[in-house]
file entry-v1.tsv (TSV, C-alpha atoms and all ligand atoms)
chain	number	residue	atom	x	y	z
A	1239	MET	CA	134.31	133.35	124.62
A	1240	TYR	CA	130.69	132.54	123.76
A	1241	SER	CA	129.54	133.65	120.35
A	1242	ILE	CA	126.20	133.67	118.58
A	1243	GLU	CA	125.59	134.65	114.98
A	1244	ILE	CA	122.23	136.30	114.32
A	1245	LYS	CA	120.94	135.92	110.79
A	1246	ALA	CA	119.07	139.05	109.78
A	1247	SER	CA	117.61	140.30	106.50
A	1248	GLY	CA	120.27	143.00	106.13
A	1249	GLY	CA	123.12	140.55	106.86
A	1250	SER	CA	124.10	138.60	109.94
A	1251	TYR	CA	125.89	139.99	112.99
A	1252	PRO	CA	127.72	138.39	115.90
A	1253	ILE	CA	127.21	138.58	119.65
A	1254	TYR	CA	130.34	137.91	121.71
A	1255	ILE	CA	130.19	137.25	125.45
A	1256	LYS	CA	133.35	137.13	127.52
A	1257	ASN	CA	134.40	138.29	130.97
A	1258	GLY	CA	136.88	141.17	130.58
A	1259	LEU	CA	135.99	141.79	126.91
A	1260	LEU	CA	135.96	145.58	127.32
A	1261	GLY	CA	139.73	145.58	127.91
A	1262	GLU	CA	140.19	143.95	124.49
A	1263	ILE	CA	137.63	146.06	122.67
A	1264	GLY	CA	140.22	147.79	120.46
A	1265	SER	CA	141.46	144.56	118.90
A	1266	GLU	CA	137.92	143.16	118.61
A	1267	VAL	CA	136.67	146.27	116.81
A	1268	LYS	CA	139.69	146.13	114.52
A	1269	LYS	CA	138.57	142.70	113.30
A	1270	ILE	CA	135.25	144.03	112.02
A	1271	TYR	CA	135.95	147.68	111.16
A	1272	LYS	CA	138.64	148.88	108.80
A	1273	GLY	CA	138.13	152.64	109.26
A	1274	ARG	CA	139.91	154.96	111.70
A	1275	LYS	CA	137.33	157.15	113.45
A	1276	VAL	CA	135.17	155.84	116.28
A	1277	ALA	CA	132.54	157.89	118.13
A	1278	ILE	CA	131.55	156.46	121.51
A	1279	VAL	CA	128.24	157.43	123.03
A	1280	THR	CA	127.86	156.69	126.72
A	1281	ASP	CA	126.11	158.08	129.79
A	1282	SER	CA	127.53	159.98	132.75
A	1283	ASN	CA	127.54	156.95	135.10
A	1284	VAL	CA	129.00	154.44	132.66
A	1285	ASN	CA	131.56	157.01	131.55
A	1286	LYS	CA	132.90	157.27	135.10
A	1287	PHE	CA	133.50	153.54	135.30
A	1288	TYR	CA	134.36	152.49	131.76
A	1289	GLY	CA	134.76	155.49	129.43
A	1290	GLU	CA	138.54	155.68	129.69
A	1291	LYS	CA	139.02	151.92	129.57
A	1292	ALA	CA	137.15	151.71	126.27
A	1293	ILE	CA	138.94	154.71	124.79
A	1294	SER	CA	142.42	153.53	125.77
A	1295	SER	CA	141.84	150.06	124.32
A	1296	LEU	CA	140.61	151.61	121.05
A	1297	LYS	CA	143.52	154.09	120.96
A	1298	SER	CA	146.03	151.32	121.51
A	1299	GLU	CA	144.85	149.87	118.19
A	1300	GLY	CA	145.31	153.19	116.42
A	1301	PHE	CA	141.68	154.37	116.34
A	1302	GLU	CA	140.89	158.07	116.55
A	1303	THR	CA	138.19	158.30	119.23
A	1304	PHE	CA	135.52	160.86	120.10
A	1305	LYS	CA	133.39	160.58	123.20
A	1306	ILE	CA	129.84	161.84	123.63
A	1307	VAL	CA	128.52	161.68	127.19
A	1308	VAL	CA	124.78	162.05	127.80
A	1309	LYS	CA	122.97	162.39	131.11
A	1310	ALA	CA	122.21	159.04	132.75
A	1311	GLY	CA	118.54	158.06	132.79
A	1312	GLU	CA	115.48	157.57	130.60
A	1313	GLU	CA	115.22	161.35	129.92
A	1314	SER	CA	118.14	160.92	127.54
A	1315	LYS	CA	116.04	158.74	125.23
A	1316	SER	CA	114.67	161.96	123.80
A	1317	PHE	CA	114.81	164.12	120.68
A	1318	GLU	CA	116.59	166.79	122.70
A	1319	THR	CA	119.49	164.42	123.44
A	1320	LEU	CA	119.40	163.06	119.92
A	1321	LEU	CA	119.95	166.57	118.52
A	1322	GLN	CA	122.93	167.04	120.84
A	1323	VAL	CA	124.36	163.72	119.67
A	1324	TYR	CA	123.90	164.62	115.96
A	1325	ASP	CA	125.57	167.97	116.67
A	1326	LYS	CA	128.63	166.35	118.22
A	1327	LEU	CA	128.85	163.82	115.40
A	1328	LEU	CA	128.96	166.76	113.00
A	1329	ASP	CA	131.59	168.54	115.15
A	1330	PHE	CA	133.70	165.38	115.00
A	1331	LYS	CA	133.15	165.16	111.23
A	1332	ILE	CA	131.89	161.61	111.52
A	1333	ASN	CA	130.89	160.39	108.09
A	1334	ARG	CA	129.25	157.33	106.61
A	1335	GLY	CA	132.39	155.21	106.59
A	1336	ASP	CA	132.98	155.73	110.33
A	1337	ILE	CA	131.44	153.84	113.22
A	1338	ILE	CA	129.53	154.66	116.41
A	1339	ILE	CA	129.75	152.62	119.61
A	1340	ALA	CA	126.90	152.59	122.14
A	1341	LEU	CA	128.48	151.96	125.55
A	1342	GLY	CA	125.73	151.79	128.16
A	1343	GLY	CA	122.40	150.36	129.21
A	1344	GLY	CA	119.20	150.15	127.19
A	1345	VAL	CA	118.80	153.92	127.15
A	1346	VAL	CA	122.16	154.59	125.50
A	1347	GLY	CA	121.75	151.54	123.23
A	1348	ASP	CA	118.28	152.49	121.99
A	1349	MET	CA	119.02	156.19	121.53
A	1350	THR	CA	122.47	155.69	119.95
A	1351	GLY	CA	121.11	152.97	117.69
A	1352	PHE	CA	118.42	155.37	116.48
A	1353	ALA	CA	121.03	158.11	116.00
A	1354	ALA	CA	123.17	155.68	113.98
A	1355	ALA	CA	120.17	154.58	111.90
A	1356	THR	CA	119.27	158.14	110.98
A	1357	PHE	CA	122.51	160.17	110.94
A	1358	LEU	CA	123.59	160.64	107.30
A	1359	ARG	CA	120.87	158.08	106.42
A	1360	GLY	CA	122.57	155.36	108.42
A	1361	ILE	CA	126.01	154.69	109.78
A	1362	ASP	CA	127.36	151.45	111.29
A	1363	PHE	CA	127.17	150.97	115.03
A	1364	ILE	CA	128.32	148.54	117.70
A	1365	GLN	CA	126.56	147.71	120.95
A	1366	ILE	CA	128.53	147.32	124.19
A	1367	PRO	CA	125.69	146.80	126.68
A	1368	THR	CA	126.52	147.50	130.31
A	1369	THR	CA	123.33	146.61	132.25
A	1370	LEU	CA	121.95	143.11	132.67
A	1371	LEU	CA	118.76	144.16	130.86
A	1372	ALA	CA	120.78	145.45	127.92
A	1373	GLN	CA	123.06	142.38	127.87
A	1374	VAL	CA	120.18	139.89	127.76
A	1375	ASP	CA	117.64	141.88	125.83
A	1376	SER	CA	117.83	145.40	124.43
A	1377	SER	CA	121.19	145.13	122.61
A	1378	VAL	CA	119.98	142.12	120.64
A	1379	GLY	CA	117.37	142.21	117.88
A	1380	GLY	CA	117.84	145.65	116.34
A	1381	LYS	CA	114.96	147.59	117.89
A	1382	VAL	CA	116.11	151.18	118.39
A	1383	ALA	CA	113.99	154.13	119.49
A	1384	VAL	CA	113.52	157.34	121.37
A	1385	ASP	CA	110.60	158.43	123.55
A	1386	LEU	CA	108.15	161.25	122.94
A	1387	PRO	CA	106.64	163.31	125.76
A	1388	ARG	CA	103.42	161.31	125.22
A	1389	GLY	CA	104.95	157.87	125.52
A	1390	LYS	CA	107.91	155.55	125.36
A	1391	ASN	CA	109.56	154.22	122.19
A	1392	LEU	CA	107.12	156.08	119.97
A	1393	VAL	CA	109.72	156.91	117.31
A	1394	GLY	CA	112.13	154.24	116.22
A	1395	CYS	CA	113.04	151.59	113.70
A	1396	PHE	CA	114.73	148.24	113.24
A	1397	TYR	CA	118.46	148.77	112.76
A	1398	ASN	CA	120.89	145.98	113.48
A	1399	PRO	CA	124.33	146.60	114.96
A	1400	LYS	CA	127.53	145.41	113.26
A	1401	ALA	CA	128.28	143.41	116.43
A	1402	VAL	CA	127.37	143.16	120.12
A	1403	PHE	CA	130.22	142.83	122.62
A	1404	ILE	CA	129.08	141.70	126.07
A	1405	ASP	CA	131.41	141.89	129.06
A	1406	PRO	CA	129.60	140.42	132.11
A	1407	PHE	CA	132.31	141.86	134.42
A	1408	LEU	CA	130.77	145.29	133.78
A	1409	LEU	CA	127.81	144.21	135.90
A	1410	LYS	CA	130.00	144.36	139.03
A	1411	THR	CA	129.39	148.10	139.31
A	1412	LEU	CA	125.67	147.92	138.54
A	1413	SER	CA	123.39	148.73	141.49
A	1414	ASP	CA	121.35	145.89	143.02
A	1415	LYS	CA	118.19	147.61	141.80
A	1416	PHE	CA	119.26	147.31	138.17
A	1417	VAL	CA	120.57	143.77	138.65
A	1418	CYS	CA	117.11	142.74	139.95
A	1419	ASP	CA	115.54	144.68	137.11
A	1420	GLY	CA	117.51	142.67	134.54
A	1421	MET	CA	116.68	139.45	136.38
A	1422	GLY	CA	113.03	140.19	135.61
A	1423	GLU	CA	113.85	139.79	131.90
A	1424	VAL	CA	115.98	136.69	132.54
A	1425	ILE	CA	113.04	135.10	134.38
A	1426	LYS	CA	110.82	136.05	131.43
A	1427	TYR	CA	113.00	134.03	129.03
A	1428	GLY	CA	112.71	131.00	131.30
A	1429	ALA	CA	108.96	131.43	131.64
A	1430	ILE	CA	108.27	131.77	127.90
A	1431	LYS	CA	110.80	129.39	126.36
A	1432	ASP	CA	113.15	127.57	128.69
A	1433	LYS	CA	111.91	125.52	131.62
A	1434	GLY	CA	115.50	124.39	132.36
A	1435	LEU	CA	116.68	128.00	132.75
A	1436	PHE	CA	113.66	128.84	134.91
A	1437	TYR	CA	114.21	126.02	137.39
A	1438	LYS	CA	117.98	126.62	137.43
A	1439	LEU	CA	117.24	130.21	138.47
A	1440	MET	CA	115.09	128.83	141.28
A	1441	GLU	CA	118.05	126.81	142.56
A	1442	TYR	CA	120.72	129.53	142.94
A	1443	GLU	CA	121.49	130.06	146.60
A	1444	ASN	CA	122.55	133.69	146.48
A	1445	SER	CA	123.58	136.53	144.17
A	1446	GLU	CA	127.24	135.44	144.28
A	1447	ALA	CA	126.32	132.07	142.83
A	1448	ILE	CA	124.32	133.75	140.08
A	1449	LEU	CA	127.11	136.18	139.25
A	1450	LYS	CA	129.52	133.27	138.94
A	1451	ASP	CA	127.31	131.82	136.22
A	1452	ILE	CA	126.13	135.06	134.72
A	1453	ASP	CA	128.04	134.68	131.43
A	1454	LYS	CA	126.27	131.35	130.81
A	1455	ILE	CA	122.92	132.85	131.79
A	1456	ILE	CA	123.46	135.78	129.40
A	1457	TYR	CA	124.46	133.35	126.65
A	1458	THR	CA	121.29	131.31	127.20
A	1459	CYS	CA	119.07	134.40	127.09
A	1460	CYS	CA	120.79	135.83	123.99
A	1461	SER	CA	120.50	132.45	122.26
A	1462	ILE	CA	116.76	132.36	122.96
A	1463	LYS	CA	116.30	135.91	121.71
A	1464	ALA	CA	118.52	135.27	118.67
A	1465	GLY	CA	116.39	132.28	117.66
A	1466	ILE	CA	113.18	134.24	118.05
A	1467	VAL	CA	114.32	137.33	116.14
A	1468	GLU	CA	115.77	135.21	113.35
A	1469	ARG	CA	112.41	133.57	112.86
A	1470	ASP	CA	110.43	136.80	113.23
A	1471	GLU	CA	112.63	139.87	112.73
A	1472	ARG	CA	109.79	142.41	112.45
A	1473	GLU	CA	107.63	141.20	115.34
A	1474	THR	CA	104.66	139.94	113.42
A	1475	GLY	CA	104.32	136.66	115.32
A	1476	GLU	CA	106.67	134.71	117.56
A	1477	ARG	CA	108.70	137.78	118.60
A	1478	MET	CA	105.61	139.06	120.39
A	1479	LEU	CA	106.17	136.29	122.97
A	1480	LEU	CA	109.03	138.42	124.29
A	1481	ASN	CA	106.36	140.83	125.49
A	1482	PHE	CA	105.16	138.43	128.19
A	1483	GLY	CA	104.19	140.59	131.18
A	1484	HIS	CA	104.85	143.76	129.20
A	1485	THR	CA	101.30	144.87	128.40
A	1486	ILE	CA	100.17	145.23	132.00
A	1487	GLY	CA	103.76	146.19	132.90
A	1488	HIS	CA	103.79	149.12	130.44
A	1489	ALA	CA	100.43	150.28	131.75
A	1490	ILE	CA	101.81	150.32	135.30
A	1491	GLU	CA	104.97	152.19	134.21
A	1492	GLN	CA	102.90	154.73	132.33
A	1493	PHE	CA	100.35	155.18	135.11
A	1494	PHE	CA	103.15	156.16	137.48
A	1495	ASN	CA	104.89	158.30	134.86
A	1496	PHE	CA	107.89	155.94	134.78
A	1497	LYS	CA	108.92	157.21	138.22
A	1498	GLU	CA	107.65	154.62	140.68
A	1499	TYR	CA	108.62	151.29	139.12
A	1500	SER	CA	111.52	150.22	136.93
A	1501	HIS	CA	110.79	148.33	133.70
A	1502	GLY	CA	111.75	144.96	135.22
A	1503	GLU	CA	109.59	145.57	138.30
A	1504	ALA	CA	106.58	146.53	136.21
A	1505	VAL	CA	107.07	143.53	133.90
A	1506	SER	CA	107.32	141.24	136.94
A	1507	MET	CA	103.92	142.40	138.21
A	1508	GLY	CA	102.59	142.01	134.67
A	1509	MET	CA	103.92	138.43	134.36
A	1510	TYR	CA	102.23	137.38	137.58
A	1511	ALA	CA	98.93	139.16	136.80
A	1512	ILE	CA	98.53	137.73	133.30
A	1513	THR	CA	99.45	134.23	134.51
A	1514	LYS	CA	96.86	134.45	137.26
A	1515	ILE	CA	94.27	135.65	134.73
A	1516	GLY	CA	95.30	132.79	132.44
A	1517	GLU	CA	94.71	130.30	135.25
A	1518	GLU	CA	91.31	131.78	136.05
A	1519	LEU	CA	90.32	131.45	132.39
A	1520	GLY	CA	91.60	127.89	132.10
A	1521	MET	CA	94.34	128.93	129.64
A	1522	THR	CA	97.23	128.38	132.04
A	1523	LYS	CA	98.03	125.30	134.10
A	1524	ILE	CA	96.89	125.76	137.71
A	1525	GLY	CA	99.82	126.49	140.04
A	1526	THR	CA	101.90	128.32	137.41
A	1527	SER	CA	101.20	131.76	138.87
A	1528	SER	CA	102.33	130.58	142.27
A	1529	THR	CA	105.62	129.33	140.74
A	1530	ILE	CA	106.04	132.73	139.07
A	1531	LYS	CA	105.33	134.43	142.38
A	1532	ASP	CA	107.97	132.29	144.15
A	1533	ILE	CA	110.70	133.18	141.68
A	1534	LEU	CA	109.83	136.90	141.75
A	1535	ILE	CA	110.03	136.90	145.54
A	1536	LYS	CA	113.38	135.07	145.35
A	1537	TYR	CA	114.77	137.82	143.10
A	1538	ASN	CA	113.31	140.70	145.14
A	1539	LEU	CA	110.87	141.59	142.41
A	1540	PRO	CA	107.32	142.72	143.09
A	1541	TRP	CA	104.34	140.57	142.08
A	1542	THR	CA	101.22	142.24	143.51
A	1543	LEU	CA	99.69	145.03	141.49
A	1544	PRO	CA	99.91	148.51	143.00
A	1545	GLU	CA	96.82	150.68	143.57
A	1546	ILE	CA	95.85	151.86	140.12
A	1547	LYS	CA	92.71	153.05	138.44
A	1548	THR	CA	91.33	150.18	136.35
A	1549	GLU	CA	90.08	152.55	133.62
A	1550	ALA	CA	93.52	154.10	133.24
A	1551	ILE	CA	95.13	150.69	132.81
A	1552	ILE	CA	92.51	149.53	130.34
A	1553	GLU	CA	92.91	152.76	128.38
A	1554	THR	CA	96.68	152.23	128.11
A	1555	ILE	CA	96.29	148.55	127.30
A	1556	SER	CA	93.84	149.28	124.50
A	1557	HIS	CA	96.37	151.66	122.92
A	1558	ASP	CA	99.06	149.02	123.27
A	1559	LYS	CA	97.11	146.11	121.84
A	1560	LYS	CA	95.58	145.15	118.57
A	1561	ASN	CA	92.02	144.76	119.73
A	1562	ILE	CA	89.65	142.47	117.93
A	1563	GLY	CA	86.13	143.41	119.01
A	1564	ASP	CA	85.98	143.09	122.78
A	1565	PHE	CA	89.00	140.81	122.81
A	1566	MET	CA	92.63	141.75	123.30
A	1567	ASN	CA	95.78	139.81	122.41
A	1568	PHE	CA	97.99	138.88	125.35
A	1569	ILE	CA	101.07	136.73	125.81
A	1570	LEU	CA	100.22	133.87	128.12
A	1571	ILE	CA	102.05	130.85	129.35
A	1572	GLU	CA	100.44	127.46	129.22
A	1573	SER	CA	103.04	126.19	131.69
A	1574	ILE	CA	106.60	127.24	132.57
A	1575	GLY	CA	108.60	127.33	129.33
A	1576	ASN	CA	105.58	127.23	127.00
A	1577	SER	CA	104.09	130.50	125.82
A	1578	PHE	CA	101.46	131.50	123.30
A	1579	ILE	CA	99.48	134.47	122.04
A	1580	GLY	CA	95.95	134.30	123.44
A	1581	LYS	CA	92.82	136.40	123.17
A	1582	ILE	CA	91.23	137.62	126.36
A	1583	GLU	CA	87.96	139.49	126.71
A	1584	GLU	CA	88.46	143.04	127.97
A	1585	ALA	CA	85.80	142.48	130.64
A	1586	LYS	CA	87.88	139.64	132.17
A	1587	ILE	CA	90.88	141.92	132.51
A	1588	VAL	CA	88.69	144.60	134.09
A	1589	ASP	CA	87.27	142.03	136.54
A	1590	TYR	CA	90.73	140.93	137.58
A	1591	LEU	CA	92.08	144.45	138.00
A	1592	GLN	CA	89.02	145.49	140.01
A	1593	LYS	CA	89.41	142.54	142.33
A	1594	LYS	CA	93.00	143.58	142.93
A	1595	SER	CA	92.47	147.31	143.42
B	1	LIG	N1	115.51	147.77	122.19
B	1	LIG	C1	114.92	146.82	122.86
B	1	LIG	O1	114.64	145.72	122.35
B	1	LIG	C2	114.63	147.04	124.33
B	1	LIG	C3	114.26	145.97	125.14
B	1	LIG	C4	114.05	146.20	126.50
B	1	LIG	C5	114.22	147.49	127.02
B	1	LIG	N2	114.59	148.51	126.20
B	1	LIG	C6	114.79	149.86	126.71
B	1	LIG	O2	115.89	149.83	127.61
B	1	LIG	C7	115.78	150.96	128.48
B	1	LIG	C8	116.15	150.55	129.89
B	1	LIG	O3	117.48	150.08	129.88
B	1	LIG	P1	118.30	149.90	131.23
B	1	LIG	O4	117.47	149.25	132.24
B	1	LIG	O5	119.60	149.31	130.84
B	1	LIG	O6	118.44	151.40	131.75
B	1	LIG	P2	119.61	152.50	131.66
B	1	LIG	O7	120.29	152.47	130.38
B	1	LIG	O8	118.99	153.77	132.10
B	1	LIG	O9	120.63	152.00	132.80
B	1	LIG	C9	120.22	151.94	134.12
B	1	LIG	C10	121.16	152.72	135.05
B	1	LIG	O10	122.35	151.99	135.22
B	1	LIG	C11	123.49	152.80	134.96
B	1	LIG	N3	124.50	151.89	134.45
B	1	LIG	C12	124.52	151.26	133.24
B	1	LIG	N4	125.50	150.36	133.20
B	1	LIG	C13	126.16	150.43	134.38
B	1	LIG	C14	127.25	149.73	134.95
B	1	LIG	N5	127.86	148.73	134.30
B	1	LIG	N6	127.66	150.07	136.19
B	1	LIG	C15	127.03	151.05	136.86
B	1	LIG	N7	125.95	151.73	136.42
B	1	LIG	C16	125.53	151.43	135.18
B	1	LIG	C17	122.98	153.84	133.98
B	1	LIG	O11	123.76	154.99	134.00
B	1	LIG	C18	121.57	154.09	134.51
B	1	LIG	O12	121.61	154.98	135.58
B	1	LIG	C19	114.35	151.47	128.36
B	1	LIG	O13	114.35	152.69	127.67
B	1	LIG	C20	113.65	150.40	127.53
B	1	LIG	O14	112.63	150.93	126.71
B	1	LIG	C21	114.80	148.30	124.88
call {"tool": "encode", "arguments": {"input": "entry-v1.tsv", "output": "structure tokens"}}
result
Amino acid sequence: MYSIEIKASGGSYPIYIKNGLLGEIGSEVKKIYKGRKVAIVTDSNVNKFYGEKAISSLKSEGFETFKIVVKAGEESKSFETLLQVYDKLLDFKINRGDIIIALGGGVVGDMTGFAAATFLRGIDFIQIPTTLLAQVDSSVGGKVAVDLPRGKNLVGCFYNPKAVFIDPFLLKTLSDKFVCDGMGEVIKYGAIKDKGLFYKLMEYENSEAILKDIDKIIYTCCSIKAGIVERDERETGERMLLNFGHTIGHAIEQFFNFKEYSHGEAVSMGMYAITKIGEELGMTKIGTSSTIKDILIKYNLPWTLPEIKTEAIIETISHDKKNIGDFMNFILIESIGNSFIGKIEEAKIVDYLQKKS
């Protein structure tokens, strides 16, 4: 079993990574939680595959379990769903000494984490991430949120879990689309911080070879994220590097109302675009964007920008960014594995987007 301890201001918490860990979840939870009641929040897809497995392992250790199943998909990261979850927690008479488990992808993790942070002014929770994106990214670092009709993640807070239990075997049932999506984030870690990881990803022959190594890959990504969030828990500096590709990516997601492109796909296009812009401005080593393009193609991720209105993108980007005069902050890479926060003139971004559209 791989384990990582994340030091956080409110106390440290562990991440455990082991194939087959879900089957042992009862005994693992018992080591860190002395109460009896456990509420599990999951979504309709994950429930079909893993709901009973989790419950039976917990029951075998004497826990009293309550399951809350929400609809699968981003729509569940909403206040409507949150109210339903609070309601069920009240029905089950969950109180402050009890614990909530988020069993699912980033949607369940973010929404359940926010429910845990706010229900009865805060109750402990555990993350059991079930998508690649959630295993390498969203379950680590304590950002929890729900969406508003006017935008994603607009209401949320920092609330760390008691522990994160990662079972890479759960990825066997994940659709190829969501595996590729998560690979977008894995590639991001390589691009911003770990040249070795990046070039290793370039070498894998096929998805079987990657899956064989996926526990190590997840461990590498979680270690990178753990280091970053330990040094900058509240995202005032280094943690912003994790947003490489995300500014243009978010604008693409938003422009298409989150329907056309998944998060990983949009971030992939964003990583290529900002690297190309970086090269054109002499901030990124020439040839880096072509390396990024090669790896995105290898992992079936898009790299060219779709047809979008430049003004709409700029409008979204300006909301997203702290603008300083006509300049905007972006995450750039100097070369593979070396990232930094750079200032780019709005006009340069407009130029690039216009050339592409
Ligand atoms: N908190 C953070 O730091 C952070 C970071 C990145 C992304 N996010 C958030 O994460 C969310 C996206 O997460 P996601 O991509 O995991 O989406 P998701 O939770 O919607 O999961 C994707 C799909 O896969 C299904 N699924 C999940 N696990 C499965 C499994 N093991 N087998 C079969 N199907 C499974 C789900 O039901 C869903 O249909 C977004 O809301 C994003 O804002 C948060």
call {"tool": "residues_near_ligand", "arguments": {"input": "entry-v1.tsv", "ligand": "ligand LIG 1 (chain B)", "cutoff": "6 Å", "atoms": "only C-alpha atoms and all ligand atoms", "output": "PDB file with C-alpha atoms, in the frame of the given file"}}
result
ATOM      1  CA  ASP A1281     126.110 158.080 129.790  1.00  0.00           C
ATOM      2  CA  ASN A1283     127.540 156.950 135.100  1.00  0.00           C
ATOM      3  CA  VAL A1284     129.000 154.440 132.660  1.00  0.00           C
ATOM      4  CA  ALA A1310     122.210 159.040 132.750  1.00  0.00           C
ATOM      5  CA  GLY A1311     118.540 158.060 132.790  1.00  0.00           C
ATOM      6  CA  GLU A1312     115.480 157.570 130.600  1.00  0.00           C
ATOM      7  CA  GLY A1342     125.730 151.790 128.160  1.00  0.00           C
ATOM      8  CA  GLY A1343     122.400 150.360 129.210  1.00  0.00           C
ATOM      9  CA  GLY A1344     119.200 150.150 127.190  1.00  0.00           C
ATOM     10  CA  VAL A1345     118.800 153.920 127.150  1.00  0.00           C
ATOM     11  CA  VAL A1346     122.160 154.590 125.500  1.00  0.00           C
ATOM     12  CA  ASP A1348     118.280 152.490 121.990  1.00  0.00           C
ATOM     13  CA  THR A1368     126.520 147.500 130.310  1.00  0.00           C
ATOM     14  CA  THR A1369     123.330 146.610 132.250  1.00  0.00           C
ATOM     15  CA  LEU A1371     118.760 144.160 130.860  1.00  0.00           C
ATOM     16  CA  ALA A1372     120.780 145.450 127.920  1.00  0.00           C
ATOM     17  CA  ASP A1375     117.640 141.880 125.830  1.00  0.00           C
ATOM     18  CA  SER A1376     117.830 145.400 124.430  1.00  0.00           C
ATOM     19  CA  LYS A1381     114.960 147.590 117.890  1.00  0.00           C
ATOM     20  CA  VAL A1382     116.110 151.180 118.390  1.00  0.00           C
ATOM     21  CA  LEU A1408     130.770 145.290 133.780  1.00  0.00           C
ATOM     22  CA  LEU A1409     127.810 144.210 135.900  1.00  0.00           C
ATOM     23  CA  THR A1411     129.390 148.100 139.310  1.00  0.00           C
ATOM     24  CA  LEU A1412     125.670 147.920 138.540  1.00  0.00           C
TER      25      LEU A1412
END
call {"tool": "residues_around", "arguments": {"input": "entry-v1.tsv", "residues": "segment 1294-1297 of chain A", "least_positions_apart": "5", "cutoff": "9 Å", "atoms": "only C-alpha atoms", "output": "mmCIF file with C-alpha atoms, in the frame of the given file"}}
result
data_model
loop_
_atom_site.group_PDB
_atom_site.id
_atom_site.type_symbol
_atom_site.label_atom_id
_atom_site.label_comp_id
_atom_site.auth_asym_id
_atom_site.auth_seq_id
_atom_site.Cartn_x
_atom_site.Cartn_y
_atom_site.Cartn_z
ATOM 1 C CA LEU A 1260 135.960 145.580 127.320
ATOM 2 C CA GLY A 1261 139.730 145.580 127.910
ATOM 3 C CA GLU A 1262 140.190 143.950 124.490
ATOM 4 C CA ILE A 1263 137.630 146.060 122.670
ATOM 5 C CA GLY A 1264 140.220 147.790 120.460
ATOM 6 C CA SER A 1265 141.460 144.560 118.900
ATOM 7 C CA VAL A 1267 136.670 146.270 116.810
ATOM 8 C CA LYS A 1268 139.690 146.130 114.520
ATOM 9 C CA VAL A 1276 135.170 155.840 116.280
ATOM 10 C CA GLY A 1289 134.760 155.490 129.430
ATOM 11 C CA GLU A 1302 140.890 158.070 116.550
ATOM 12 C CA THR A 1303 138.190 158.300 119.230
#
call {"tool": "closest_residue", "arguments": {"input": "entry-v1.tsv", "among": "A:Thr1554, A:Ser1413, A:Asn1495, A:Ser1461", "to": "Tyr1254 of chain A", "atoms": "all atoms listed in the file"}}
result
A:Ser1461
call {"tool": "atom_distance", "arguments": {"input": "entry-v1.tsv", "atom1": "atom CA of Thr1319 of chain A", "atom2": "atom CA of Ser1250 of chain A"}}
result
29.5 Å
call {"tool": "closest_residue", "arguments": {"input": "entry-v1.tsv", "among": "A:Glu1313, A:Glu1476, A:Ile1579, A:Met1440", "to": "Asp1532 of chain A", "atoms": "only C-alpha atoms"}}
result
A:Met1440
call {"tool": "residues_near_point", "arguments": {"input": "entry-v1.tsv", "point": "(134.6, 160.6, 117.3)", "cutoff": "12 Å", "atoms": "only C-alpha atoms", "output": "NGL selection string"}}
result
:A and (1273-1279 or 1293 or 1296-1297 or 1301-1307 or 1323-1333 or 1336-1339)
call {"tool": "closest_residue", "arguments": {"input": "entry-v1.tsv", "among": "A:Lys1272, A:Lys1523, A:His1501, A:Lys1438", "to": "Ile1455 of chain A", "atoms": "only C-alpha atoms"}}
result
A:Lys1438
call {"tool": "build_atoms", "arguments": {"input": "entry-v1.tsv", "residues": "segment 1393-1402 of chain A", "atoms": "N, CA and C atoms", "output": "tab-separated table (two decimals), keeping the file's coordinate frame"}}
result
chain	number	residue	atom	x	y	z
A	1393	VAL	N	109.05	156.70	118.60
A	1393	VAL	CA	109.72	156.91	117.31
A	1393	VAL	C	110.94	156.00	117.26
A	1394	GLY	N	110.98	155.14	116.28
A	1394	GLY	CA	112.13	154.24	116.22
A	1394	GLY	C	112.10	153.41	114.95
A	1395	CYS	N	112.99	152.46	114.87
A	1395	CYS	CA	113.04	151.59	113.70
A	1395	CYS	C	113.79	150.31	114.04
A	1396	PHE	N	113.90	149.43	113.08
A	1396	PHE	CA	114.73	148.24	113.24
A	1396	PHE	C	116.07	148.55	112.58
A	1397	TYR	N	117.13	148.47	113.32
A	1397	TYR	CA	118.46	148.77	112.76
A	1397	TYR	C	119.49	147.91	113.50
A	1398	ASN	N	120.00	146.93	112.81
A	1398	ASN	CA	120.89	145.98	113.48
A	1398	ASN	C	122.30	146.54	113.66
A	1399	PRO	N	122.93	146.18	114.78
A	1399	PRO	CA	124.33	146.60	114.96
A	1399	PRO	C	125.26	145.75	114.11
A	1400	LYS	N	126.51	146.20	113.96
A	1400	LYS	CA	127.53	145.41	113.26
A	1400	LYS	C	127.93	144.23	114.15
A	1401	ALA	N	127.92	144.47	115.47
A	1401	ALA	CA	128.28	143.41	116.43
A	1401	ALA	C	127.83	143.86	117.82
A	1402	VAL	N	127.68	142.87	118.71
A	1402	VAL	CA	127.37	143.16	120.12
A	1402	VAL	C	128.48	142.53	120.95
